[in-house]
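K.L.:
Provided herewith: start.cif, mmCIF, C-alpha atoms and all ligand atoms.
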data_model
#
loop_
_atom_site.label_atom_id
_atom_site.label_comp_id
_atom_site.auth_asym_id
_atom_site.auth_seq_id
_atom_site.Cartn_x
_atom_site.Cartn_y
_atom_site.Cartn_z
CA MET M 23 -26.76 3.46 -15.14
CA ALA M 24 -23.91 2.17 -13.02
CA ARG M 25 -23.13 2.28 -9.34
CA ILE M 26 -19.62 3.60 -8.81
CA VAL M 27 -17.21 4.41 -6.01
CA MET M 28 -14.82 7.29 -6.71
CA LYS M 29 -11.86 7.65 -4.33
CA PHE M 30 -9.79 10.84 -4.24
CA GLY M 31 -6.36 10.73 -2.54
CA GLY M 32 -4.57 13.53 -0.69
CA THR M 33 -3.12 15.39 -3.68
CA SER M 34 -6.52 15.21 -5.38
CA VAL M 35 -8.13 17.18 -2.52
CA ALA M 36 -5.04 19.20 -1.54
CA ASP M 37 -6.81 22.59 -1.68
CA LEU M 38 -10.14 24.09 -2.77
CA ASP M 39 -9.09 24.20 -6.42
CA ARG M 40 -8.29 20.49 -6.37
CA ILE M 41 -11.56 19.80 -4.51
CA ARG M 42 -13.42 21.69 -7.26
CA ALA M 43 -11.64 19.57 -9.88
CA ALA M 44 -12.66 16.39 -8.01
CA ALA M 45 -16.23 17.69 -7.87
CA ALA M 46 -16.20 18.17 -11.65
CA HIS M 47 -15.28 14.49 -12.10
CA ILE M 48 -18.14 13.54 -9.76
CA LYS M 49 -20.67 15.78 -11.50
CA ARG M 50 -19.76 14.18 -14.82
CA GLU M 51 -20.73 10.78 -13.40
CA THR M 52 -23.99 11.94 -11.78
CA ASP M 53 -24.95 13.85 -14.94
CA ALA M 54 -24.55 10.54 -16.79
CA GLY M 55 -27.16 9.07 -14.43
CA ASN M 56 -24.79 7.00 -12.29
CA GLN M 57 -25.17 6.38 -8.56
CA VAL M 58 -22.01 7.64 -6.86
CA ALA M 59 -20.34 7.11 -3.50
CA VAL M 60 -17.19 9.16 -3.02
CA VAL M 61 -14.36 8.34 -0.61
CA VAL M 62 -11.90 11.09 0.31
CA SER M 63 -8.47 11.27 1.95
CA ALA M 64 -7.25 14.20 4.01
CA MET M 65 -5.58 17.11 2.19
CA ALA M 66 -2.03 16.16 1.12
CA GLY M 67 0.40 16.40 4.05
CA GLN M 68 -2.38 16.86 6.61
CA THR M 69 -2.24 13.36 8.07
CA ASN M 70 1.56 13.64 8.45
CA GLN M 71 1.06 16.86 10.38
CA LEU M 72 -1.55 15.28 12.65
CA VAL M 73 0.66 12.24 13.30
CA GLU M 74 3.55 14.56 14.13
CA TRP M 75 1.42 16.48 16.64
CA THR M 76 0.48 13.28 18.49
CA ARG M 77 4.18 12.37 18.62
CA GLN M 78 5.13 15.80 19.92
CA ALA M 79 2.34 15.71 22.52
CA SER M 80 3.93 12.51 23.84
CA PRO M 81 6.19 10.03 22.02
CA ILE M 82 4.30 7.17 23.65
CA HIS M 83 0.54 7.73 23.49
CA ASP M 84 -2.86 6.06 23.63
CA ALA M 85 -3.74 4.63 20.19
CA ARG M 86 -7.43 5.59 20.67
CA GLU M 87 -6.47 9.25 21.04
CA TYR M 88 -4.05 8.97 18.09
CA ASP M 89 -7.08 7.85 16.05
CA THR M 90 -9.21 10.73 17.33
CA VAL M 91 -6.56 13.15 16.06
CA VAL M 92 -5.44 11.61 12.78
CA SER M 93 -8.96 10.76 11.53
CA SER M 94 -9.88 14.46 11.58
CA GLY M 95 -8.26 15.34 8.23
CA GLU M 96 -10.83 13.29 6.32
CA GLN M 97 -13.72 14.95 8.18
CA VAL M 98 -12.59 18.31 6.78
CA THR M 99 -12.32 17.16 3.15
CA SER M 100 -15.63 15.24 3.19
CA GLY M 101 -17.46 18.34 4.39
CA LEU M 102 -15.69 20.68 1.97
CA LEU M 103 -16.35 18.41 -1.00
CA ALA M 104 -20.04 18.13 -0.04
CA ILE M 105 -20.28 21.94 0.14
CA VAL M 106 -18.60 22.35 -3.27
CA LEU M 107 -20.85 19.70 -4.84
CA GLN M 108 -23.97 21.36 -3.40
CA SER M 109 -22.81 24.72 -4.79
CA MET M 110 -22.62 23.07 -8.24
CA GLY M 111 -26.18 21.83 -7.92
CA VAL M 112 -25.27 18.24 -7.03
CA ASP M 113 -27.22 16.83 -4.07
CA ALA M 114 -24.48 15.58 -1.73
CA ARG M 115 -24.03 14.69 1.93
CA SER M 116 -20.89 13.92 3.94
CA TRP M 117 -20.58 10.77 6.05
CA GLN M 118 -18.07 9.92 8.76
CA GLY M 119 -17.16 6.27 9.34
CA TRP M 120 -19.21 6.10 12.56
CA GLN M 121 -22.35 7.40 10.87
CA ILE M 122 -22.64 4.62 8.28
CA PRO M 123 -21.26 2.74 10.29
CA ILE M 124 -18.08 1.16 8.98
CA ARG M 125 -17.34 -1.40 11.71
CA THR M 126 -13.72 -2.27 12.40
CA ASN M 127 -11.84 -4.45 14.85
CA ASN M 128 -10.15 -2.96 17.89
CA ALA M 129 -6.62 -2.56 16.47
CA HIS M 130 -6.49 1.23 16.82
CA GLY M 131 -4.08 2.81 14.33
CA ALA M 132 -4.14 -0.26 12.05
CA ALA M 133 -7.75 -1.43 12.27
CA ARG M 134 -9.35 -3.83 9.81
CA ILE M 135 -12.83 -3.28 8.42
CA GLU M 136 -15.16 -6.05 9.59
CA ASP M 137 -18.53 -4.97 8.34
CA ILE M 138 -20.26 -2.15 6.44
CA ASP M 139 -24.01 -1.71 6.60
CA PRO M 140 -24.92 -0.51 3.08
CA THR M 141 -28.56 0.40 3.91
CA THR M 142 -28.13 4.13 4.39
CA LEU M 143 -25.87 4.54 1.36
CA ILE M 144 -28.34 2.69 -0.86
CA GLU M 145 -31.29 4.69 0.48
CA ARG M 146 -29.44 7.90 -0.34
CA PHE M 147 -28.59 6.66 -3.86
CA GLU M 148 -32.28 6.07 -4.40
CA MET M 149 -32.95 9.69 -3.43
CA GLY M 150 -30.38 10.70 -6.08
CA GLN M 151 -27.86 11.85 -3.47
CA VAL M 152 -24.08 11.52 -3.61
CA ALA M 153 -22.54 10.13 -0.41
CA VAL M 154 -19.15 11.71 0.39
CA VAL M 155 -17.53 9.31 2.84
CA SER M 156 -14.45 10.05 4.95
CA GLY M 157 -11.85 7.40 4.14
CA PHE M 158 -9.32 5.91 6.55
CA GLN M 159 -11.76 5.66 9.46
CA GLY M 160 -14.39 3.42 11.00
CA LEU M 161 -15.97 2.63 14.33
CA GLY M 162 -14.29 0.14 16.66
CA PRO M 163 -16.08 -2.30 19.00
CA ASP M 164 -15.30 0.16 21.83
CA ASN M 165 -17.52 2.71 20.01
CA ARG M 166 -14.52 4.89 19.23
CA VAL M 167 -13.14 6.06 15.91
CA ALA M 168 -10.51 3.67 14.57
CA THR M 169 -8.16 4.36 11.65
CA LEU M 170 -7.07 1.81 9.07
CA GLY M 171 -3.31 2.42 8.81
CA ARG M 172 -1.55 4.86 6.48
CA GLY M 173 -2.95 4.89 2.98
CA GLY M 174 -6.16 3.35 4.37
CA SER M 175 -8.61 5.38 2.27
CA ASP M 176 -7.95 2.98 -0.61
CA THR M 177 -9.23 0.20 1.63
CA SER M 178 -12.28 2.25 2.67
CA ALA M 179 -13.13 2.68 -1.02
CA VAL M 180 -12.80 -1.01 -1.89
CA ALA M 181 -14.73 -2.12 1.20
CA ILE M 182 -17.58 0.27 0.36
CA ALA M 183 -17.54 -0.88 -3.27
CA ALA M 184 -17.89 -4.48 -2.08
CA ALA M 185 -20.65 -3.61 0.42
CA ILE M 186 -22.80 -1.69 -2.07
CA GLU M 187 -21.96 -4.11 -4.92
CA ALA M 188 -20.57 -1.31 -7.06
CA ASP M 189 -19.89 -1.88 -10.73
CA ARG M 190 -16.60 0.05 -10.55
CA CYS M 191 -14.18 1.44 -8.02
CA ASP M 192 -12.14 4.28 -9.50
CA ILE M 193 -9.05 5.36 -7.54
CA TYR M 194 -8.22 8.95 -8.54
CA THR M 195 -4.65 9.92 -7.68
CA ASP M 196 -1.73 12.05 -8.88
CA VAL M 197 -0.48 9.51 -11.45
CA ASP M 198 -2.53 8.20 -14.35
CA GLY M 199 -2.16 4.55 -13.38
CA VAL M 200 0.17 1.90 -12.04
CA TYR M 201 3.60 2.09 -13.62
CA THR M 202 6.31 -0.51 -14.17
CA THR M 203 8.10 1.15 -11.26
CA ASP M 204 7.73 4.32 -9.22
CA PRO M 205 7.77 7.08 -11.87
CA ARG M 206 9.44 9.39 -9.33
CA ILE M 207 12.57 7.23 -9.40
CA GLU M 208 12.58 6.07 -13.03
CA PRO M 209 11.28 8.56 -15.60
CA LYS M 210 11.29 5.78 -18.20
CA ALA M 211 8.65 3.86 -16.23
CA ALA M 212 5.67 2.91 -18.38
CA ARG M 213 2.00 2.79 -17.47
CA LEU M 214 0.52 -0.69 -17.29
CA ALA M 215 -2.90 -1.05 -18.93
CA ARG M 216 -3.79 -4.07 -16.78
CA VAL M 217 -2.25 -5.75 -13.77
CA THR M 218 -3.45 -8.91 -12.04
CA PHE M 219 -4.62 -8.76 -8.43
CA GLU M 220 -1.74 -11.09 -7.48
CA GLU M 221 0.91 -8.88 -9.07
CA MET M 222 -0.59 -5.71 -7.60
CA LEU M 223 -0.65 -7.34 -4.17
CA GLU M 224 3.05 -8.16 -4.46
CA MET M 225 3.90 -4.71 -5.85
CA ALA M 226 2.02 -2.97 -3.03
CA SER M 227 3.48 -5.22 -0.31
CA LEU M 228 6.96 -4.73 -1.73
CA GLY M 229 6.80 -0.94 -1.69
CA ALA M 230 4.62 0.45 -4.51
CA LYS M 231 2.49 2.64 -2.26
CA VAL M 232 0.10 3.63 -5.04
CA LEU M 233 -2.47 1.32 -3.38
CA GLN M 234 -2.66 0.16 0.23
CA VAL M 235 -1.93 -3.59 0.42
CA ARG M 236 -5.15 -4.36 2.26
CA SER M 237 -7.23 -2.65 -0.44
CA VAL M 238 -5.82 -4.99 -3.08
CA GLU M 239 -6.44 -8.03 -0.87
CA LEU M 240 -10.07 -6.99 -0.38
CA ALA M 241 -10.55 -6.25 -4.07
CA MET M 242 -9.19 -9.69 -4.93
CA VAL M 243 -11.45 -11.48 -2.43
CA HIS M 244 -14.60 -9.59 -3.43
CA GLY M 245 -13.82 -9.33 -7.15
CA VAL M 246 -13.91 -5.49 -7.11
CA ARG M 247 -12.59 -4.12 -10.40
CA LEU M 248 -10.17 -1.37 -9.44
CA PHE M 249 -9.23 1.34 -11.89
CA VAL M 250 -6.31 3.64 -10.97
CA ARG M 251 -6.51 6.96 -12.84
CA SER M 252 -5.55 10.60 -12.55
CA SER M 253 -7.70 13.33 -10.99
CA PHE M 254 -5.57 15.80 -12.98
CA ASP M 255 -7.07 14.60 -16.29
CA ASP M 256 -9.66 16.83 -17.92
CA PRO M 257 -12.99 15.82 -16.34
CA HIS M 258 -14.72 16.49 -19.65
CA GLY M 259 -12.06 15.17 -22.02
CA ALA M 260 -13.00 12.57 -24.63
CA GLY M 261 -14.09 9.33 -22.99
CA ALA M 262 -13.61 10.77 -19.51
CA GLY M 263 -16.50 8.81 -18.06
CA SER M 264 -15.37 5.39 -19.14
CA GLN M 265 -12.64 3.06 -18.02
CA SER M 266 -11.91 1.75 -21.48
CA ASN M 267 -11.14 5.07 -23.18
CA MET M 268 -9.18 6.76 -20.40
CA PRO M 269 -5.55 6.40 -19.42
CA GLY M 270 -5.42 4.32 -16.29
CA THR M 271 -4.69 0.85 -14.97
CA LEU M 272 -7.27 -1.85 -14.43
CA ILE M 273 -6.50 -4.29 -11.63
CA CYS M 274 -8.27 -7.49 -12.58
CA ASP M 275 -8.22 -11.29 -12.73
CA GLU M 276 -5.48 -13.07 -14.62
CA ASP M 277 -7.86 -14.41 -17.27
CA GLU M 278 -8.66 -10.83 -18.35
CA ILE M 279 -5.05 -10.31 -19.38
CA VAL M 280 -4.25 -11.53 -22.85
CA GLU M 281 -0.62 -10.60 -23.22
CA LYS M 282 1.21 -11.85 -20.14
CA GLN M 283 4.64 -10.38 -19.45
CA VAL M 284 7.37 -12.26 -17.61
CA VAL M 285 8.23 -9.20 -15.54
CA THR M 286 5.52 -6.62 -14.81
CA GLY M 287 7.18 -4.27 -12.39
CA ILE M 288 9.95 -3.35 -9.98
CA ALA M 289 9.29 -2.15 -6.43
CA TYR M 290 11.53 -1.15 -3.56
CA THR M 291 11.33 -0.57 0.17
CA ARG M 292 13.76 1.65 2.00
CA ASP M 293 14.70 1.53 5.68
CA GLU M 294 15.59 -2.11 5.93
CA ALA M 295 18.15 -3.28 8.49
CA GLN M 296 20.06 -6.51 8.80
CA ILE M 297 20.86 -8.36 12.02
CA SER M 298 23.41 -11.20 12.08
CA LEU M 299 23.79 -13.71 14.88
CA ARG M 300 27.20 -15.40 14.78
CA ARG M 301 28.16 -18.91 15.85
CA LEU M 302 24.87 -20.31 17.13
CA PRO M 303 24.60 -24.02 18.03
CA ASP M 304 23.43 -25.84 14.84
CA VAL M 305 20.63 -27.81 16.54
CA PRO M 306 16.85 -28.22 16.13
CA GLY M 307 14.89 -25.45 17.79
CA VAL M 308 17.42 -22.66 17.37
CA SER M 309 15.28 -20.72 14.86
CA ALA M 310 12.25 -20.99 17.15
CA SER M 311 14.30 -19.59 20.03
CA ILE M 312 15.12 -16.51 17.92
CA PHE M 313 11.96 -15.79 15.95
CA GLY M 314 9.50 -16.70 18.71
CA PRO M 315 10.51 -13.83 21.03
CA LEU M 316 10.81 -11.41 18.06
CA ALA M 317 7.27 -12.26 16.95
CA GLU M 318 5.98 -11.77 20.49
CA ALA M 319 7.54 -8.29 20.40
CA ASN M 320 5.58 -7.63 17.16
CA ILE M 321 8.75 -7.35 15.09
CA ASN M 322 8.24 -8.15 11.46
CA VAL M 323 11.15 -10.33 10.32
CA ASP M 324 11.46 -10.48 6.56
CA MET M 325 14.41 -12.07 4.73
CA ILE M 326 16.24 -14.87 6.55
CA VAL M 327 19.59 -16.34 5.46
CA GLN M 328 21.34 -19.14 7.29
CA GLY M 329 24.99 -19.78 6.51
CA ALA M 330 27.67 -22.19 7.62
CA SER M 331 30.01 -20.93 10.28
CA ASP M 332 33.78 -21.45 10.44
CA ASP M 333 33.07 -23.98 13.20
CA LEU M 334 30.97 -26.86 11.72
CA SER M 335 28.88 -27.46 14.86
CA LYS M 336 27.83 -23.79 14.68
CA THR M 337 25.86 -21.73 12.23
CA ASP M 338 25.39 -18.03 11.39
CA LEU M 339 21.95 -16.56 10.88
CA THR M 340 21.12 -13.22 9.23
CA PHE M 341 17.69 -11.63 8.90
CA THR M 342 16.14 -8.27 8.10
CA VAL M 343 13.77 -6.08 10.12
CA PRO M 344 12.47 -2.52 9.50
CA SER M 345 15.17 0.01 10.57
CA GLY M 346 12.85 1.45 13.21
CA ASP M 347 12.71 -1.93 14.99
CA VAL M 348 16.45 -2.62 15.28
CA GLU M 349 16.88 -1.36 18.84
CA THR M 350 13.89 -3.34 20.12
CA ALA M 351 15.05 -6.46 18.22
CA LEU M 352 18.55 -6.21 19.70
CA SER M 353 17.15 -5.88 23.21
CA VAL M 354 14.82 -8.88 22.68
CA LEU M 355 17.80 -10.91 21.43
CA ALA M 356 19.94 -9.83 24.39
CA ASP M 357 17.19 -10.95 26.78
CA ALA M 358 16.96 -14.34 25.04
CA ARG M 359 20.73 -14.84 24.74
CA ASP M 360 20.81 -17.70 27.28
CA GLN M 361 18.32 -19.70 25.22
CA ILE M 362 19.71 -18.81 21.76
CA ARG M 363 23.41 -19.10 22.77
CA TYR M 364 24.88 -16.92 20.03
CA GLU M 365 28.44 -15.73 20.43
CA ASP M 366 28.13 -12.39 18.72
CA VAL M 367 25.50 -10.11 17.19
CA GLN M 368 25.93 -7.41 14.52
CA SER M 369 23.47 -5.01 12.96
CA ASP M 370 23.61 -2.88 9.87
CA GLY M 371 21.06 -0.26 8.77
CA GLY M 372 20.69 1.76 5.58
CA LEU M 373 19.63 -1.11 3.34
CA VAL M 374 17.00 -1.34 0.63
CA LYS M 375 15.00 -4.27 -0.71
CA VAL M 376 14.46 -4.19 -4.46
CA SER M 377 11.90 -6.63 -5.86
CA VAL M 378 11.03 -7.84 -9.33
CA ILE M 379 7.42 -8.96 -9.85
CA GLY M 380 5.74 -10.82 -12.69
CA ILE M 381 3.19 -13.55 -13.07
CA GLY M 382 5.16 -14.97 -16.02
CA MET M 383 7.90 -16.06 -13.61
CA ARG M 384 5.75 -19.09 -12.83
CA SER M 385 6.57 -20.53 -16.21
CA HIS M 386 9.98 -19.02 -17.00
CA ALA M 387 13.30 -20.20 -15.59
CA GLY M 388 16.37 -18.02 -15.08
CA VAL M 389 14.54 -14.72 -14.53
CA ALA M 390 16.35 -14.02 -11.26
CA ALA M 391 19.73 -15.08 -12.66
CA THR M 392 19.47 -12.27 -15.23
CA ALA M 393 19.10 -9.76 -12.40
CA PHE M 394 22.03 -11.11 -10.41
CA ARG M 395 24.28 -10.82 -13.49
CA ALA M 396 23.09 -7.29 -14.30
CA LEU M 397 23.58 -6.08 -10.72
CA ALA M 398 27.04 -7.66 -10.55
CA GLU M 399 28.06 -5.83 -13.73
CA LYS M 400 27.16 -2.55 -12.00
CA GLY M 401 29.22 -3.54 -8.95
CA ILE M 402 26.16 -3.83 -6.71
CA ASN M 403 26.65 -6.31 -3.89
CA ILE M 404 23.64 -8.47 -2.97
CA ARG M 405 23.40 -9.14 0.76
CA ALA M 406 20.36 -11.43 0.81
CA ILE M 407 17.90 -12.91 -1.67
CA THR M 408 14.37 -14.26 -1.34
CA THR M 409 12.21 -15.77 -4.04
CA SER M 410 8.64 -16.93 -4.39
CA GLU M 411 6.34 -17.92 -7.21
CA ILE M 412 5.84 -14.54 -8.88
CA LYS M 413 8.61 -12.37 -7.39
CA PHE M 414 12.13 -12.24 -6.07
CA SER M 415 13.83 -9.64 -3.89
CA VAL M 416 17.44 -8.59 -3.30
CA LEU M 417 18.79 -6.68 -0.34
CA ILE M 418 21.38 -4.03 -1.24
CA GLY M 419 22.97 -0.86 0.16
CA ALA M 420 20.64 2.16 0.05
CA ASP M 421 23.14 4.17 -2.02
CA TYR M 422 22.48 1.82 -4.93
CA THR M 423 18.66 2.09 -4.93
CA GLU M 424 18.24 4.22 -8.05
CA LEU M 425 20.98 2.40 -9.94
CA ALA M 426 19.52 -1.02 -9.09
CA VAL M 427 15.94 -0.05 -9.97
CA ARG M 428 17.01 1.49 -13.28
CA THR M 429 19.31 -1.41 -14.15
CA LEU M 430 16.57 -3.98 -13.54
CA HIS M 431 14.00 -1.83 -15.31
CA SER M 432 16.14 -1.82 -18.42
CA VAL M 433 17.35 -5.43 -18.25
CA TYR M 434 13.73 -6.68 -18.30
CA ASP M 435 12.85 -4.37 -21.23
CA LEU M 436 10.45 -2.24 -19.23
CA ASP M 437 11.94 1.09 -20.39
CA ASN M 438 9.34 3.04 -22.35
CA ARG M 439 7.38 -0.09 -23.10
P1 LIG D 1 -2.95 9.26 -3.00
O1 LIG D 1 -2.69 10.42 -2.10
O2 LIG D 1 -3.78 9.60 -4.19
O3 LIG D 1 -3.45 8.05 -2.25
P2 LIG D 1 -0.28 8.10 -3.07
O4 LIG D 1 0.82 9.09 -2.86
O5 LIG D 1 -0.70 7.26 -1.91
O6 LIG D 1 -1.54 8.89 -3.65
O7 LIG D 1 0.07 7.14 -4.30
C1 LIG D 1 0.46 7.69 -5.55
C2 LIG D 1 1.98 7.69 -5.66
O8 LIG D 1 2.47 6.35 -5.63
C3 LIG D 1 2.52 8.25 -6.95
O9 LIG D 1 2.66 9.65 -6.88
C4 LIG D 1 3.86 7.53 -7.11
O10 LIG D 1 4.97 8.32 -6.77
C5 LIG D 1 3.79 6.38 -6.13
N1 LIG D 1 4.13 5.10 -6.74
C6 LIG D 1 5.00 4.19 -6.25
N2 LIG D 1 5.12 3.13 -7.05
C7 LIG D 1 4.28 3.36 -8.09
C8 LIG D 1 3.96 2.62 -9.27
N3 LIG D 1 4.52 1.44 -9.55
N4 LIG D 1 3.07 3.16 -10.13
C9 LIG D 1 2.49 4.35 -9.88
N5 LIG D 1 2.76 5.11 -8.79
C10 LIG D 1 3.65 4.61 -7.89
N1 LIG D 2 -4.99 10.34 5.02
C1 LIG D 2 -4.51 9.00 5.31
C2 LIG D 2 -3.02 8.91 5.11
O1 LIG D 2 -2.39 9.86 4.69
C3 LIG D 2 -5.23 7.95 4.53
C4 LIG D 2 -5.05 8.02 3.02
O2 LIG D 2 -4.66 9.04 2.48
O3 LIG D 2 -5.32 7.00 2.37
O4 LIG D 2 -2.44 7.89 5.40
MG MG D 3 -2.48 6.59 -1.05
#
Please re-express this file's structure in structure tokens.
Ligand code: ADP
Ligand code: ASP
Ligand code: MG
P.N.:
Amino acid sequence: MARIVMKFGGTSVADLDRIRAAAAHIKRETDAGNQVAVVVSAMAGQTNQLVEWTRQASPIHDAREYDTVVSSGEQVTSGLLAIVLQSMGVDARSWQGWQIPIRTNNAHGAARIEDIDPTTLIERFEMGQVAVVSGFQGLGPDNRVATLGRGGSDTSAVAIAAAIEADRCDIYTDVDGVYTTDPRIEPKAARLARVTFEEMLEMASLGAKVLQVRSVELAMVHGVRLFVRSSFDDPHGAGAGSQSNMPGTLICDEDEIVEKQVVTGIAYTRDEAQISLRRLPDVPGVSASIFGPLAEANINVDMIVQGASDDLSKTDLTFTVPSGDVETALSVLADARDQIRYEDVQSDGGLVKVSVIGIGMRSHAGVAATAFRALAEKGINIRAITTSEIKFSVLIGADYTELAVRTLHSVYDLDNR
């Protein structure tokens, strides 16, 4: 007997047929004698609709009320799945975040889970009952529902798995694992059998939305073995109950991976914008005068490039921010112009950051150089570069996204691996 968490994403509970298919996967596990906690997302597209309604009600709105609205999608699917399970003879009960409770901090709209009391869930397991928990939501210190940020049901699942000391946390989605890149953009993408927590963290942070970043962080800290698999697989196919015999991707520690690749995957993030400040005084403190006010305005600055200016006592500085933050960033910079003393500012949207990730980069030189050469041969201009231990990223024009991803995918031999 094992204790398992099974998480079903939006497409896996998109309608009653999909909910019945999810229930069949759950019944297989309970029939095998396992203790099961299920975490559900809202039906596919539902959360987008709810977010849109809050925006239409008023573009600027109270984050607590936003959470009241957008958390409701998960309440529907948890109840429906419990009803379907009961109708199949499986003892099941739905749970909202506040009923367990899943305690979060007060950052409404992007709350972090602080504590989960596992007592009730464990009591119910002992009665042989399946707990169907609404993902994406918890209870803030103000006693109000708080949501965990988009994609947050993954994090609910991992946090519950850690709290109840589950043996497995299976993430059921619409792909049968983590691929070398987004299979929607590169049909030659290959499924990875195993990925390290570190690589998955980079892939998720750099745009592979198959798992929420925070869920990978939590899994790494608590040693939760995550298995990404498809809810569209036959629930009763050969080996369906096990992780080892089913298609899927195990996210695990580095020492569980025998064959280490130099490059594991390619990720990309759209909607990047670049801001350039021209002819700043080249003196200590100039960076602080720029990035201090931007940080206070909660603007996430990513890539930073400093270049020489035509005038040697001056410098040029270029950095990237999410496209949606450009207007705010420009107004912050205008307000701080007297301190920063730049002569000119330019901004450019419509950019994409493409990143190459692989734990083998630690011990291999020249990995990035290969990419720069390959992109140059395709006539793709690189506007900024950042590197770190197990990844590097290039900033390019959005029109080149597919070409760049496919070029890098092939140059690192990831095609149909
Ligand atoms: P869910 O609703 O189940 O949480 P998501 O849409 O959040 O599902 O995540 C699954 C999607 O992530 C896939 O359909 C796929 O398009 C996308 N994706 C992006 N990068 C990758 C990748 N490297 N491997 C697998 N899927 C990826
Ligand atoms: N329903 C939420 C969202 O769409 C949470 C999730 O699906 O993980 O962001
Ligand atoms: Mg998701």
K.L.:
Determine, counting all atoms listed in the file, which protein, DNA and RNA residues have an atom within 12 Å of an atom of Leu143 (chain M); residues of the same chain fewer than 4 positions away are not included. Present the result as a count of residues only.
P.N.:
33
K.L.:
Name all residues at most 9 Å from region 131-133 of chain M (count all atoms listed in the file; drop same-chain ones fewer than 3 positions away) and give them as number ranges by chain.
P.N.:
M: 85-86, 88-89, 126-128, 159-160, 162, 168-172, 174
K.L.:
For the residues selected in the previous step, produce a file with C-alpha atoms as a PDB file, in the frame of the given file.
P.N.:
ATOM      1  CA  ALA M  85      -3.740   4.630  20.190  1.00  0.00           C
ATOM      2  CA  ARG M  86      -7.430   5.590  20.670  1.00  0.00           C
ATOM      3  CA  TYR M  88      -4.050   8.970  18.090  1.00  0.00           C
ATOM      4  CA  ASP M  89      -7.080   7.850  16.050  1.00  0.00           C
ATOM      5  CA  THR M 126     -13.720  -2.270  12.400  1.00  0.00           C
ATOM      6  CA  ASN M 127     -11.840  -4.450  14.850  1.00  0.00           C
ATOM      7  CA  ASN M 128     -10.150  -2.960  17.890  1.00  0.00           C
ATOM      8  CA  GLN M 159     -11.760   5.660   9.460  1.00  0.00           C
ATOM      9  CA  GLY M 160     -14.390   3.420  11.000  1.00  0.00           C
ATOM     10  CA  GLY M 162     -14.290   0.140  16.660  1.00  0.00           C
ATOM     11  CA  ALA M 168     -10.510   3.670  14.570  1.00  0.00           C
ATOM     12  CA  THR M 169      -8.160   4.360  11.650  1.00  0.00           C
ATOM     13  CA  LEU M 170      -7.070   1.810   9.070  1.00  0.00           C
ATOM     14  CA  GLY M 171      -3.310   2.420   8.810  1.00  0.00           C
ATOM     15  CA  ARG M 172      -1.550   4.860   6.480  1.00  0.00           C
ATOM     16  CA  GLY M 174      -6.160   3.350   4.370  1.00  0.00           C
TER      17      GLY M 174
END
K.L.:
Enumerate, in order of chain and increasing residue number, the residues of chain M with an atom no farther than 7 Å from ligand LIG 1 (chain D), each with its shortest atom pair and distance in Å to one decimal, counting all atoms listed in the file, as JSON lines.
P.N.:
{"residue": "M:Phe30", "atom": "CA", "partner": "D:LIG1", "partner_atom": "O2", "distance": 6.1}
{"residue": "M:Gly31", "atom": "CA", "partner": "D:LIG1", "partner_atom": "O2", "distance": 3.3}
{"residue": "M:Gly32", "atom": "CA", "partner": "D:LIG1", "partner_atom": "O1", "distance": 3.9}
{"residue": "M:Thr33", "atom": "CA", "partner": "D:LIG1", "partner_atom": "O1", "distance": 5.2}
{"residue": "M:Ser34", "atom": "CA", "partner": "D:LIG1", "partner_atom": "O2", "distance": 6.4}
{"residue": "M:Ala66", "atom": "CA", "partner": "D:LIG1", "partner_atom": "O1", "distance": 6.6}
{"residue": "M:Gly173", "atom": "CA", "partner": "D:LIG1", "partner_atom": "O5", "distance": 5.9}
{"residue": "M:Asp176", "atom": "CA", "partner": "D:LIG1", "partner_atom": "O3", "distance": 7.0}
{"residue": "M:Tyr194", "atom": "CA", "partner": "D:LIG1", "partner_atom": "O2", "distance": 6.2}
{"residue": "M:Thr195", "atom": "CA", "partner": "D:LIG1", "partner_atom": "O2", "distance": 3.6}
{"residue": "M:Asp196", "atom": "CA", "partner": "D:LIG1", "partner_atom": "O9", "distance": 5.4}
{"residue": "M:Val197", "atom": "CA", "partner": "D:LIG1", "partner_atom": "O9", "distance": 5.5}
{"residue": "M:Gly199", "atom": "CA", "partner": "D:LIG1", "partner_atom": "C9", "distance": 5.8}
{"residue": "M:Val200", "atom": "CA", "partner": "D:LIG1", "partner_atom": "N4", "distance": 3.7}
{"residue": "M:Tyr201", "atom": "CA", "partner": "D:LIG1", "partner_atom": "N4", "distance": 3.7}
{"residue": "M:Thr202", "atom": "CA", "partner": "D:LIG1", "partner_atom": "N3", "distance": 5.3}
{"residue": "M:Thr203", "atom": "CA", "partner": "D:LIG1", "partner_atom": "N3", "distance": 4.0}
{"residue": "M:Asp204", "atom": "CA", "partner": "D:LIG1", "partner_atom": "N2", "distance": 3.6}
{"residue": "M:Pro205", "atom": "CA", "partner": "D:LIG1", "partner_atom": "O10", "distance": 5.9}
{"residue": "M:Arg206", "atom": "CA", "partner": "D:LIG1", "partner_atom": "O10", "distance": 5.3}
{"residue": "M:Gly229", "atom": "CA", "partner": "D:LIG1", "partner_atom": "N2", "distance": 6.9}
{"residue": "M:Ala230", "atom": "CA", "partner": "D:LIG1", "partner_atom": "N2", "distance": 3.7}
{"residue": "M:Lys231", "atom": "CA", "partner": "D:LIG1", "partner_atom": "C6", "distance": 5.0}
{"residue": "M:Val232", "atom": "CA", "partner": "D:LIG1", "partner_atom": "O7", "distance": 3.6}
{"residue": "M:Leu233", "atom": "CA", "partner": "D:LIG1", "partner_atom": "O5", "distance": 6.4}
{"residue": "M:Gly287", "atom": "CA", "partner": "D:LIG1", "partner_atom": "N3", "distance": 6.9}
{"residue": "M:Ala289", "atom": "CA", "partner": "D:LIG1", "partner_atom": "N3", "distance": 6.7}
